[in-house]
file query.txt (compact mmCIF, C-alpha atoms)
# COMPACT_ATOMS: atom_id res chain seq x y z
CA MET A 149 5.50 -22.92 11.90
CA ILE A 150 2.60 -20.61 11.13
CA LYS A 151 3.67 -17.66 9.01
CA GLY A 152 0.43 -15.72 8.95
CA ILE A 153 -1.88 -13.93 11.34
CA LEU A 154 -5.11 -11.98 11.36
CA GLY A 155 -5.12 -8.36 12.43
CA ARG A 156 -7.10 -5.20 12.62
CA LYS A 157 -5.99 -1.87 11.19
CA ILE A 158 -5.69 0.81 13.86
CA GLY A 159 -4.44 3.77 11.87
CA MET A 160 -1.35 5.53 10.61
CA THR A 161 1.30 7.58 12.31
CA GLN A 162 4.96 8.47 12.03
CA VAL A 163 7.93 7.13 13.96
CA PHE A 164 11.57 8.17 13.91
CA LEU A 165 14.53 5.83 13.62
CA GLU A 166 17.72 6.32 15.62
CA GLY A 167 19.40 8.20 12.79
CA GLY A 168 16.58 10.73 12.63
CA GLU A 169 14.85 9.23 9.61
CA ALA A 170 11.07 9.55 9.70
CA VAL A 171 9.08 6.46 8.72
CA GLN A 172 5.37 6.52 7.91
CA VAL A 173 3.80 3.46 9.52
CA THR A 174 0.47 1.70 9.81
CA ALA A 175 -0.34 0.36 13.26
CA ILE A 176 -2.02 -3.05 13.25
CA GLU A 177 -3.55 -4.91 16.16
CA ALA A 178 -2.21 -8.32 15.16
CA GLY A 179 -3.63 -11.30 16.96
CA PRO A 180 -3.79 -13.11 19.23
CA CYS A 181 -5.30 -15.77 16.98
CA PHE A 182 -6.31 -19.30 17.85
CA VAL A 183 -6.13 -22.41 15.73
CA ILE A 184 -9.68 -23.60 15.15
CA GLN A 185 -9.00 -26.38 12.68
CA VAL A 186 -5.96 -28.13 11.26
CA LYS A 187 -6.35 -29.36 7.70
CA SER A 188 -3.97 -32.01 6.45
CA LYS A 189 -3.14 -33.55 3.11
CA GLY A 190 -4.55 -36.85 4.23
CA SER A 191 -8.03 -35.69 5.13
CA ASP A 192 -8.47 -32.46 3.18
CA GLY A 193 -6.05 -32.65 0.26
CA TYR A 194 -3.85 -29.78 1.46
CA ASP A 195 -2.07 -28.56 4.58
CA ALA A 196 -3.55 -25.51 6.26
CA VAL A 197 -4.64 -24.07 9.56
CA GLN A 198 -7.80 -22.14 10.23
CA LEU A 199 -7.23 -19.19 12.53
CA GLY A 200 -9.85 -17.29 14.53
CA PHE A 201 -9.51 -13.70 15.65
CA LEU A 202 -11.44 -11.37 17.99
CA GLU A 203 -14.22 -12.35 20.33
CA ALA A 204 -17.63 -12.85 18.73
CA LYS A 205 -20.67 -11.24 20.28
CA LYS A 206 -23.23 -13.42 18.61
CA LEU A 207 -22.96 -16.54 16.49
CA ASN A 208 -25.50 -18.80 14.89
CA ALA A 209 -25.66 -22.34 16.17
CA PRO A 210 -23.72 -24.10 13.37
CA LEU A 211 -20.84 -21.65 13.69
CA ALA A 212 -20.87 -21.72 17.47
CA GLY A 213 -20.59 -25.50 17.27
CA ARG A 214 -17.21 -25.18 15.61
CA PHE A 215 -15.76 -23.70 18.77
CA LYS A 216 -17.42 -25.91 21.41
CA GLU A 217 -15.38 -25.52 24.58
CA MET A 218 -13.13 -22.81 23.10
CA GLY A 219 -14.00 -19.13 23.18
CA LYS A 220 -16.21 -17.91 20.36
CA LEU A 221 -14.34 -15.96 17.70
CA ARG A 222 -15.57 -13.47 15.16
CA PHE A 223 -13.36 -13.94 12.10
CA LEU A 224 -12.10 -17.21 10.63
CA ARG A 225 -9.49 -17.38 7.88
CA GLU A 226 -7.35 -20.17 6.48
CA PHE A 227 -3.58 -20.07 6.05
CA GLU A 228 -1.62 -22.60 4.07
CA ILE A 229 1.39 -24.00 5.88
CA ASP A 230 4.14 -26.48 5.03
CA GLU A 231 4.32 -28.54 8.18
CA VAL A 232 1.07 -29.39 9.89
CA SER A 233 2.14 -31.96 12.44
CA SER A 234 3.38 -29.52 15.10
CA VAL A 235 0.13 -27.53 15.17
CA ASN A 236 -2.85 -28.43 17.32
CA ARG A 237 -6.35 -27.13 17.63
CA GLY A 238 -6.50 -24.43 20.30
CA ASP A 239 -2.92 -23.22 19.77
CA ARG A 240 -2.34 -19.52 20.30
CA VAL A 241 -0.65 -17.53 17.54
CA ASP A 242 0.80 -14.07 18.14
CA VAL A 243 3.02 -11.64 16.22
CA SER A 244 6.24 -13.00 17.69
CA PHE A 245 6.91 -14.91 14.45
CA LEU A 246 7.80 -11.54 12.90
CA LYS A 247 10.77 -9.34 13.63
CA PRO A 248 11.72 -5.83 12.49
CA GLY A 249 13.05 -5.90 8.94
CA ASP A 250 10.88 -8.81 7.77
CA LEU A 251 8.67 -8.36 4.75
CA VAL A 252 4.94 -9.00 5.00
CA THR A 253 2.10 -9.20 2.53
CA VAL A 254 -1.09 -7.61 3.83
CA SER A 255 -4.60 -8.13 2.44
CA GLY A 256 -7.74 -6.28 3.37
CA VAL A 257 -11.02 -5.05 1.96
CA SER A 258 -10.64 -1.61 0.42
CA LYS A 259 -12.91 1.29 1.27
CA GLY A 260 -16.08 1.18 -0.82
CA ARG A 261 -16.62 4.12 -3.19
CA GLY A 262 -20.05 3.06 -4.47
CA PHE A 263 -20.93 3.57 -8.14
CA ALA A 264 -18.05 5.72 -9.33
CA GLY A 265 -17.53 7.51 -12.62
CA VAL A 266 -14.53 7.01 -14.89
CA VAL A 267 -12.66 10.06 -13.61
CA LYS A 268 -12.50 8.65 -10.08
CA ARG A 269 -12.44 4.97 -11.01
CA HIS A 270 -9.94 4.90 -13.87
CA HIS A 271 -8.29 8.33 -13.60
CA PHE A 272 -9.72 9.54 -16.90
CA ALA A 273 -9.04 13.20 -17.58
CA GLY A 274 -12.68 14.14 -18.27
CA GLY A 275 -13.66 16.77 -20.79
CA PRO A 276 -12.66 20.43 -21.15
CA LYS A 277 -13.97 22.74 -18.45
CA THR A 278 -14.57 25.69 -20.77
CA HIS A 279 -15.07 26.58 -24.46
CA GLY A 280 -18.79 25.95 -24.51
CA GLN A 281 -18.82 22.52 -22.93
CA SER A 282 -22.04 21.37 -21.39
CA ASP A 283 -22.40 18.16 -19.37
CA ARG A 284 -19.06 16.87 -20.69
CA HIS A 285 -16.82 17.71 -17.75
CA ARG A 286 -16.51 14.18 -16.35
CA ALA A 287 -17.72 12.19 -19.36
CA PRO A 288 -15.75 9.10 -20.55
CA GLY A 289 -15.54 10.14 -24.23
CA SER A 290 -15.73 7.59 -27.02
CA ILE A 291 -16.03 3.94 -26.04
CA GLY A 292 -15.35 2.47 -29.48
CA ALA A 293 -15.45 2.78 -33.25
CA THR A 294 -18.43 2.55 -35.64
CA THR A 295 -19.93 -0.25 -37.79
CA TYR A 296 -16.68 -2.13 -37.57
CA PRO A 297 -16.45 -3.75 -35.03
CA GLY A 298 -20.01 -2.64 -34.23
CA ARG A 299 -19.65 -3.51 -30.57
CA VAL A 300 -17.82 -2.36 -27.49
CA ILE A 301 -14.55 -4.18 -26.80
CA LYS A 302 -14.67 -6.38 -23.71
CA GLY A 303 -12.93 -4.93 -20.67
CA MET A 304 -13.58 -1.31 -21.72
CA LYS A 305 -13.02 0.96 -18.73
CA MET A 306 -16.36 2.37 -17.70
CA ALA A 307 -18.18 3.67 -14.66
CA GLY A 308 -19.19 1.13 -12.05
CA HIS A 309 -18.75 -0.09 -8.54
CA MET A 310 -15.42 0.84 -7.03
CA GLY A 311 -13.68 -0.33 -3.88
CA ASN A 312 -15.04 -2.75 -1.28
CA ARG A 313 -13.03 -5.62 -2.74
CA LYS A 314 -10.01 -7.56 -1.60
CA VAL A 315 -6.75 -5.67 -2.10
CA THR A 316 -3.29 -7.05 -1.37
CA VAL A 317 -0.15 -5.03 -0.73
CA ARG A 318 3.03 -7.03 -1.08
CA ASN A 319 6.32 -6.79 0.76
CA LEU A 320 5.76 -4.12 3.37
CA ARG A 321 8.64 -3.80 5.79
CA VAL A 322 8.04 -4.54 9.46
CA VAL A 323 9.21 -1.63 11.61
CA GLU A 324 8.22 -2.74 15.09
CA VAL A 325 6.78 -5.83 16.75
CA ASP A 326 5.37 -5.98 20.27
CA PRO A 327 3.85 -9.41 21.04
CA GLU A 328 2.84 -8.30 24.53
CA ARG A 329 0.54 -5.60 23.22
CA ASN A 330 -0.19 -7.46 19.96
CA LEU A 331 1.11 -4.45 18.12
CA LEU A 332 2.63 -4.49 14.66
CA LEU A 333 3.99 -1.48 12.79
CA VAL A 334 4.59 -1.82 9.07
CA LYS A 335 6.02 0.79 6.75
CA GLY A 336 3.46 2.29 4.40
CA GLY A 337 -0.28 1.99 4.04
CA VAL A 338 -2.53 -1.05 4.09
CA PRO A 339 -5.93 -1.49 2.39
CA GLY A 340 -9.21 -0.61 4.03
CA ALA A 341 -10.58 1.60 6.75
CA SER A 342 -9.43 1.72 10.34
CA SER A 343 -10.60 -1.30 12.36
CA GLY A 344 -10.92 -3.33 9.15
CA LEU A 345 -9.82 -6.98 9.12
CA LEU A 346 -6.39 -7.74 7.65
CA THR A 347 -4.55 -10.93 6.86
CA ILE A 348 -0.80 -10.67 7.33
CA LYS A 349 1.63 -13.18 5.85
CA ARG A 350 5.37 -13.23 6.07
CA SER A 351 6.79 -12.92 2.57
CA GLY A 352 10.44 -12.37 3.26
CA GLU A 353 13.03 -12.35 5.97
CA GLY A 354 15.21 -9.36 6.50
CA SER A 355 17.63 -7.77 8.89
CA ALA A 356 16.44 -4.91 11.07
CA MET B 298 -8.92 1.36 19.14
CA ASN B 299 -7.01 4.53 19.81
CA ILE B 300 -3.73 4.78 17.94
CA LYS B 301 -2.35 7.49 20.19
CA SER B 302 -2.55 5.32 23.30
CA LEU B 303 -1.02 2.38 21.48
CA VAL B 304 1.80 4.04 19.59
CA GLU B 305 2.87 6.74 22.00
CA PRO B 306 4.80 9.49 20.18
CA LYS B 307 8.35 9.77 21.47
CA VAL B 308 8.42 13.51 21.87
CA ASN B 309 11.89 15.04 22.00
CA ARG B 310 12.44 16.21 25.57
CA GLU B 311 14.72 19.04 24.53
CA ILE B 312 11.77 20.94 23.04
CA PRO B 313 9.90 23.20 25.48
CA GLU B 314 6.22 24.06 25.21
CA LEU B 315 5.88 26.38 22.20
CA SER B 316 3.13 28.73 21.15
CA PRO B 317 2.58 30.73 17.96
CA GLY B 318 4.33 34.07 18.09
CA ASP B 319 7.34 32.79 20.00
CA THR B 320 10.75 33.72 18.72
CA VAL B 321 12.94 30.65 18.97
CA ASN B 322 16.41 29.44 18.22
CA VAL B 323 16.46 25.83 17.03
CA SER B 324 19.72 23.86 17.18
CA LEU B 325 19.63 21.00 14.71
CA LYS B 326 22.13 18.17 14.36
CA VAL B 327 23.32 18.03 10.77
CA LYS B 328 25.47 15.26 9.33
CA GLU B 329 28.08 16.33 6.80
CA GLY B 330 29.97 13.33 5.57
CA ASP B 331 31.03 11.57 8.75
CA ARG B 332 31.16 14.75 10.80
CA GLU B 333 28.28 16.15 12.83
CA ARG B 334 27.67 19.82 13.51
CA LEU B 335 24.90 22.00 14.86
CA GLN B 336 22.83 24.16 12.56
CA GLN B 337 20.99 27.11 14.05
CA LEU B 338 17.70 28.53 12.87
CA GLN B 339 16.37 31.58 14.62
CA GLY B 340 12.88 32.66 13.70
CA LEU B 341 9.24 33.02 14.56
CA VAL B 342 6.93 30.11 15.37
CA ILE B 343 4.04 30.71 12.97
CA GLY B 344 2.12 27.56 13.76
CA VAL B 345 1.99 24.57 16.08
CA ARG B 346 0.27 21.41 14.89
CA LYS B 347 -0.95 18.64 17.18
CA GLY B 348 -1.57 15.07 16.12
CA VAL B 349 -1.07 11.36 16.69
CA ASP B 350 2.53 11.70 15.52
CA GLY B 351 3.30 14.18 18.30
CA GLY B 352 2.70 17.20 16.08
CA SER B 353 5.09 19.70 14.58
CA PHE B 354 5.92 23.39 14.62
CA THR B 355 6.81 25.78 11.81
CA VAL B 356 9.59 28.31 12.15
CA ARG B 357 9.76 31.26 9.75
CA ARG B 358 12.61 33.62 9.19
CA VAL B 359 13.42 36.14 6.48
CA SER B 360 17.07 35.96 5.55
CA TYR B 361 18.62 38.03 2.78
CA ASN B 362 15.10 39.06 1.71
CA VAL B 363 14.09 35.45 1.18
CA GLY B 364 11.43 33.95 3.42
CA VAL B 365 12.51 30.61 4.84
CA GLU B 366 10.13 28.26 6.62
CA ARG B 367 11.01 24.97 8.18
CA VAL B 368 8.71 22.43 9.81
CA PHE B 369 10.12 20.50 12.78
CA PRO B 370 8.34 17.40 14.12
CA PHE B 371 8.18 17.31 17.92
CA GLN B 372 9.34 13.68 17.65
CA SER B 373 12.51 14.53 15.75
CA PRO B 374 15.61 13.20 17.52
CA LEU B 375 17.77 15.56 15.47
CA ILE B 376 16.76 18.61 17.44
CA GLN B 377 19.44 19.30 20.03
CA LYS B 378 17.85 22.28 21.73
CA VAL B 379 15.09 24.86 21.29
CA GLU B 380 15.49 28.17 23.05
CA VAL B 381 12.49 30.47 23.46
CA LEU B 382 13.84 34.00 23.17
CA ARG B 383 10.65 36.01 23.23
CA HIS B 384 6.88 35.55 23.45
CA GLY B 385 5.00 37.60 20.84
CA LYS B 386 1.47 38.79 21.40
CA VAL B 387 -0.77 37.14 18.80
CA ARG B 388 -4.50 36.66 18.37
CA ARG B 389 -4.61 33.60 16.17
CA ALA B 390 -3.23 30.09 16.15
CA LYS B 391 -1.63 30.13 12.70
CA LEU B 392 0.26 33.26 11.70
CA TYR B 393 0.20 32.62 7.95
CA TYR B 394 -0.81 36.24 7.30
CA LEU B 395 2.73 37.27 8.19
CA ARG B 396 3.95 35.78 4.91
CA LYS B 397 2.40 38.65 3.01
CA LEU B 398 3.83 41.33 5.28
CA SER B 399 7.24 42.93 5.16
CA VAL B 400 9.69 42.22 7.94
CA LYS B 401 9.00 45.61 9.46
CA GLN B 402 5.24 45.02 9.41
CA SER B 403 5.51 41.55 10.83
CA ARG B 404 7.10 42.58 14.11
CA LEU B 405 5.05 41.43 17.09
CA LYS B 406 4.50 43.06 20.44
CA GLU B 407 5.86 41.22 23.46
CA ARG B 408 3.23 39.24 25.30
CA GLN B 409 2.37 40.56 28.74
CA SER B 410 1.36 37.53 30.74
CA LYS B 411 -0.48 37.77 34.04
CA VAL B 412 2.00 35.33 35.43
CA SER B 413 5.35 37.05 35.47
CA ILE B 414 7.64 35.33 33.04
CA SER B 415 11.20 35.26 34.08
CA GLU B 416 13.55 35.52 31.14
CA GLN B 417 14.19 31.92 30.08
CA VAL B 418 12.50 29.67 32.59
CA VAL B 419 8.80 29.52 31.87
CA PRO B 420 6.39 27.61 34.14
CA ALA B 421 4.91 24.94 31.93
CA GLN B 422 1.37 25.41 33.17
CA ALA B 423 1.20 29.12 32.44
CA GLU B 424 2.53 28.36 29.02
CA ALA B 425 -0.15 25.77 28.35
CA ALA B 426 -2.94 28.02 29.54
CA ALA B 427 -1.78 30.87 27.36
CA MET B 428 -1.59 28.74 24.27
CA PRO B 429 -4.67 29.09 22.05
CA ALA B 430 -6.33 25.88 20.97
CA THR B 431 -5.12 24.83 17.55
CA SER B 432 -7.56 23.16 15.25
CA SER B 433 -6.63 21.18 12.22
CA GLN B 434 -9.09 23.04 10.00
CA GLU B 435 -7.25 26.29 10.39
CA GLN B 436 -4.24 24.72 8.83
CA GLN B 437 -5.90 24.60 5.46
CA GLU B 438 -6.04 28.36 5.09

call {"tool": "encode", "arguments": {"input": "query.txt", "output": "structure tokens"}}
result
Amino acid sequence: MIKGILGRKIGMTQVFLEGGEAVQVTAIEAGPCFVIQVKSKGSDGYDAVQLGFLEAKKLNAPLAGRFKEMGKLRFLREFEIDEVSSVNRGDRVDVSFLKPGDLVTVSGVSKGRGFAGVVKRHHFAGGPKTHGQSDRHRAPGSIGATTYPGRVIKGMKMAGHMGNRKVTVRNLRVVEVDPERNLLLVKGGVPGASSGLLTIKRSGEGSA
Amino acid sequence: MNIKSLVEPKVNREIPELSPGDTVNVSLKVKEGDRERLQQLQGLVIGVRKGVDGGSFTVRRVSYNVGVERVFPFQSPLIQKVEVLRHGKVRRAKLYYLRKLSVKQSRLKERQSKVSISEQVVPAQAEAAAMPATSSQEQQE
């Protein structure tokens, strides 16, 4: 049984439960995915399936050769699974393996912030705004001591590239599943911009 | 991909078309212990927000010299009924300036619509045409 799927973030909205409770949800276009390759312990050293998602407009020849008679797909990602024997190449995977109340772990690529200063990147407080300060408003302050140790400690928080890296949010609750429309609503936010690629894995079973 | 077409907001059917300046009476289901009762809030609609979540409207009332504002989502299933008592004549979409005025100063003239409005039953189309376009930027004022 495959417990993961690829999806695309659509955006956020708000839905109401029967009792009148408002829930903030992220809508995800989840699947349909297709099994492109089945990896087994015997031939590859581990059990996994490779899933493809969304139609590809253009592929180079080596990649296109992976699909052959199947439709060409844009994104390929691997999911580890326990039991590989029941899965075949070409199988269709949709969101029906999830139900409301389940917990999922969602990974995506966060929005890139470019080269960011310490105030934005590490939530430093910056310097005083007044009392004769010049050019110190968003400065990092001291980054170390003097002759001893005579160097900057490794891992010091400094300015640098922020965002545009893989971010995982664990244990989001599934609010709604609609396999017919490939729609998945999870409570809370997920990483990345709208229409960004997400991998969704079931991390826990729950009651609705 | 359009979220609004995919996750259609379940707008509460008991809420009529509202526009800023309307005086309304909102009946809200309130749970107290295991008993349910209706809570009434009568006041002025000072803003209507649209959005992918179906939007919301803000009702303001001054009671015992304290200004009270409450935001109701159009999707809320807890709203039992909204009665429009009066249409006020207003020239902007968000009536936040009323917060600074006294109750006496914040009275609004009744709106004189070209379409004759019978007391309670309002044709939905005339209502929509008379409603000024609300933009999200104006909310930040």

call {"tool": "interface_residues", "arguments": {"input": "query.txt", "of": "chain A", "to": "chain B", "cutoff": "8 Å", "atoms": "all atoms listed in the file", "output": "PyMOL selection string"}}
result
chain A and resi 158-164+166-168+170+175+331+343

call {"tool": "closest_residue", "arguments": {"input": "query.txt", "among": "B:Leu338, B:Glu380, B:Val345, B:Val387", "to": "Glu366 (chain B)", "atoms": "all atoms listed in the file"}}
result
B:Leu338

call {"tool": "residues_around", "arguments": {"input": "query.txt", "residues": "Ala264 (chain A)", "least_positions_apart": "3", "cutoff": "12 Å", "atoms": "only C-alpha atoms", "output": "PyMOL selection string"}}
result
chain A and resi 260-261+267-272+286-288+305-311

call {"tool": "closest_residue", "arguments": {"input": "query.txt", "among": "B:Gly364, B:Gly330, B:Val323, B:Lys378", "to": "Asn309 (chain B)", "atoms": "only C-alpha atoms"}}
result
B:Lys378

call {"tool": "atom_distance", "arguments": {"input": "query.txt", "atom1": "CA of Gly193 (chain A)", "atom2": "CA of Leu224 (chain A)"}}
result
19.6 Å

call {"tool": "residues_near_point", "arguments": {"input": "query.txt", "point": "(0.7, -8.7, 23.5)", "cutoff": "10 Å", "atoms": "all atoms listed in the file", "output": "PDB file with C-alpha atoms, in the frame of the given file"}}
result
ATOM      1  CA  GLU A 177      -3.550  -4.910  16.160  1.00  0.00           C
ATOM      2  CA  ALA A 178      -2.210  -8.320  15.160  1.00  0.00           C
ATOM      3  CA  GLY A 179      -3.630 -11.300  16.960  1.00  0.00           C
ATOM      4  CA  PRO A 180      -3.790 -13.110  19.230  1.00  0.00           C
ATOM      5  CA  ASP A 242       0.800 -14.070  18.140  1.00  0.00           C
ATOM      6  CA  VAL A 243       3.020 -11.640  16.220  1.00  0.00           C
ATOM      7  CA  SER A 244       6.240 -13.000  17.690  1.00  0.00           C
ATOM      8  CA  VAL A 325       6.780  -5.830  16.750  1.00  0.00           C
ATOM      9  CA  ASP A 326       5.370  -5.980  20.270  1.00  0.00           C
ATOM     10  CA  PRO A 327       3.850  -9.410  21.040  1.00  0.00           C
ATOM     11  CA  GLU A 328       2.840  -8.300  24.530  1.00  0.00           C
ATOM     12  CA  ARG A 329       0.540  -5.600  23.220  1.00  0.00           C
ATOM     13  CA  ASN A 330      -0.190  -7.460  19.960  1.00  0.00           C
ATOM     14  CA  LEU A 331       1.110  -4.450  18.120  1.00  0.00           C
ATOM     15  CA  LEU A 332       2.630  -4.490  14.660  1.00  0.00           C
TER      16      LEU A 332
END

call {"tool": "atom_distance", "arguments": {"input": "query.txt", "atom1": "CA of Gly385 (chain B)", "atom2": "CA of Pro317 (chain B)"}}
result
7.8 Å

call {"tool": "closest_residue", "arguments": {"input": "query.txt", "among": "A:Val183, A:Leu345, A:Asp283, A:Leu320", "to": "Thr253 (chain A)", "atoms": "only C-alpha atoms"}}
result
A:Leu320

call {"tool": "atom_distance", "arguments": {"input": "query.txt", "atom1": "CA of Ser399 (chain B)", "atom2": "CA of Ser324 (chain B)"}}
result
25.8 Å

call {"tool": "residues_around", "arguments": {"input": "query.txt", "residues": "Leu221 (chain A)", "least_positions_apart": "2", "cutoff": "6 Å", "atoms": "only C-alpha atoms", "output": "list in words"}}
result
Gly200, Phe201, Leu202, Glu203 and Ala204 of chain A

call {"tool": "closest_residue", "arguments": {"input": "query.txt", "among": "A:Gly152, A:Asp195, A:Asp230, A:Lys206", "to": "Phe182 (chain A)", "atoms": "only C-alpha atoms"}}
result
A:Gly152

call {"tool": "closest_residue", "arguments": {"input": "query.txt", "among": "B:Val400, B:Asp331, B:Gln377, B:Glu314", "to": "Ser360 (chain B)", "atoms": "all atoms listed in the file"}}
result
B:Val400

call {"tool": "closest_residue", "arguments": {"input": "query.txt", "among": "A:Glu231, A:Arg240, A:Ile176, A:Val252", "to": "Gly344 (chain A)", "atoms": "only C-alpha atoms"}}
result
A:Ile176

call {"tool": "residues_near_point", "arguments": {"input": "query.txt", "point": "(11.5, -8.6, 4.6)", "cutoff": "12 Å", "atoms": "only C-alpha atoms", "output": "number ranges by chain"}}
result
A: 246-253, 318-323, 334-335, 349-356

call {"tool": "build_atoms", "arguments": {"input": "query.txt", "residues": "region 394-411 of chain B", "atoms": "N, CA, C and O atoms", "output": "mmCIF file, keeping the file's coordinate frame"}}
result
data_model
loop_
_atom_site.group_PDB
_atom_site.id
_atom_site.type_symbol
_atom_site.label_atom_id
_atom_site.label_comp_id
_atom_site.auth_asym_id
_atom_site.auth_seq_id
_atom_site.Cartn_x
_atom_site.Cartn_y
_atom_site.Cartn_z
ATOM 1 N N TYR B 394 -0.673 34.912 7.905
ATOM 2 C CA TYR B 394 -0.810 36.240 7.300
ATOM 3 C C TYR B 394 0.518 36.994 7.301
ATOM 4 O O TYR B 394 0.709 37.939 6.531
ATOM 5 N N LEU B 395 1.447 36.570 8.139
ATOM 6 C CA LEU B 395 2.730 37.270 8.190
ATOM 7 C C LEU B 395 3.539 37.090 6.907
ATOM 8 O O LEU B 395 4.409 37.885 6.593
ATOM 9 N N ARG B 396 3.210 36.036 6.139
ATOM 10 C CA ARG B 396 3.950 35.780 4.910
ATOM 11 C C ARG B 396 3.810 36.924 3.915
ATOM 12 O O ARG B 396 4.690 37.162 3.100
ATOM 13 N N LYS B 397 2.653 37.580 3.977
ATOM 14 C CA LYS B 397 2.400 38.650 3.010
ATOM 15 C C LYS B 397 2.931 39.981 3.497
ATOM 16 O O LYS B 397 2.881 40.973 2.770
ATOM 17 N N LEU B 398 3.391 40.057 4.716
ATOM 18 C CA LEU B 398 3.830 41.330 5.280
ATOM 19 C C LEU B 398 5.355 41.450 5.163
ATOM 20 O O LEU B 398 6.075 40.465 5.086
ATOM 21 N N SER B 399 5.799 42.710 5.171
ATOM 22 C CA SER B 399 7.240 42.930 5.160
ATOM 23 C C SER B 399 7.782 42.649 6.557
ATOM 24 O O SER B 399 7.029 42.502 7.517
ATOM 25 N N VAL B 400 9.072 42.532 6.649
ATOM 26 C CA VAL B 400 9.690 42.220 7.940
ATOM 27 C C VAL B 400 9.299 43.262 8.981
ATOM 28 O O VAL B 400 8.975 42.953 10.128
ATOM 29 N N LYS B 401 9.304 44.521 8.541
ATOM 30 C CA LYS B 401 9.000 45.610 9.460
ATOM 31 C C LYS B 401 7.549 45.498 9.951
ATOM 32 O O LYS B 401 7.259 45.694 11.125
ATOM 33 N N GLN B 402 6.657 45.130 9.030
ATOM 34 C CA GLN B 402 5.240 45.020 9.410
ATOM 35 C C GLN B 402 4.966 43.809 10.267
ATOM 36 O O GLN B 402 3.992 43.769 10.999
ATOM 37 N N SER B 403 5.820 42.806 10.160
ATOM 38 C CA SER B 403 5.510 41.550 10.830
ATOM 39 C C SER B 403 6.094 41.466 12.241
ATOM 40 O O SER B 403 6.068 40.417 12.860
ATOM 41 N N ARG B 404 6.610 42.608 12.724
ATOM 42 C CA ARG B 404 7.100 42.580 14.110
ATOM 43 C C ARG B 404 5.923 42.424 15.065
ATOM 44 O O ARG B 404 4.844 42.969 14.837
ATOM 45 N N LEU B 405 6.119 41.682 16.130
ATOM 46 C CA LEU B 405 5.050 41.430 17.090
ATOM 47 C C LEU B 405 5.384 42.098 18.418
ATOM 48 O O LEU B 405 6.539 42.214 18.798
ATOM 49 N N LYS B 406 4.309 42.524 19.087
ATOM 50 C CA LYS B 406 4.500 43.060 20.440
ATOM 51 C C LYS B 406 4.806 41.928 21.402
ATOM 52 O O LYS B 406 4.324 40.810 21.227
ATOM 53 N N GLU B 407 5.555 42.229 22.425
ATOM 54 C CA GLU B 407 5.860 41.220 23.460
ATOM 55 C C GLU B 407 4.598 40.917 24.240
ATOM 56 O O GLU B 407 3.795 41.791 24.532
ATOM 57 N N ARG B 408 4.424 39.619 24.561
ATOM 58 C CA ARG B 408 3.230 39.240 25.300
ATOM 59 C C ARG B 408 3.393 39.592 26.772
ATOM 60 O O ARG B 408 4.403 39.298 27.392
ATOM 61 N N GLN B 409 2.373 40.253 27.314
ATOM 62 C CA GLN B 409 2.370 40.560 28.740
ATOM 63 C C GLN B 409 1.493 39.538 29.427
ATOM 64 O O GLN B 409 0.280 39.610 29.363
ATOM 65 N N SER B 410 2.120 38.569 30.077
ATOM 66 C CA SER B 410 1.360 37.530 30.740
ATOM 67 C C SER B 410 1.028 37.946 32.161
ATOM 68 O O SER B 410 1.748 38.726 32.781
ATOM 69 N N LYS B 411 -0.113 37.453 32.664
ATOM 70 C CA LYS B 411 -0.480 37.770 34.040
ATOM 71 C C LYS B 411 0.522 37.151 35.008
ATOM 72 O O LYS B 411 0.894 37.740 36.010
#
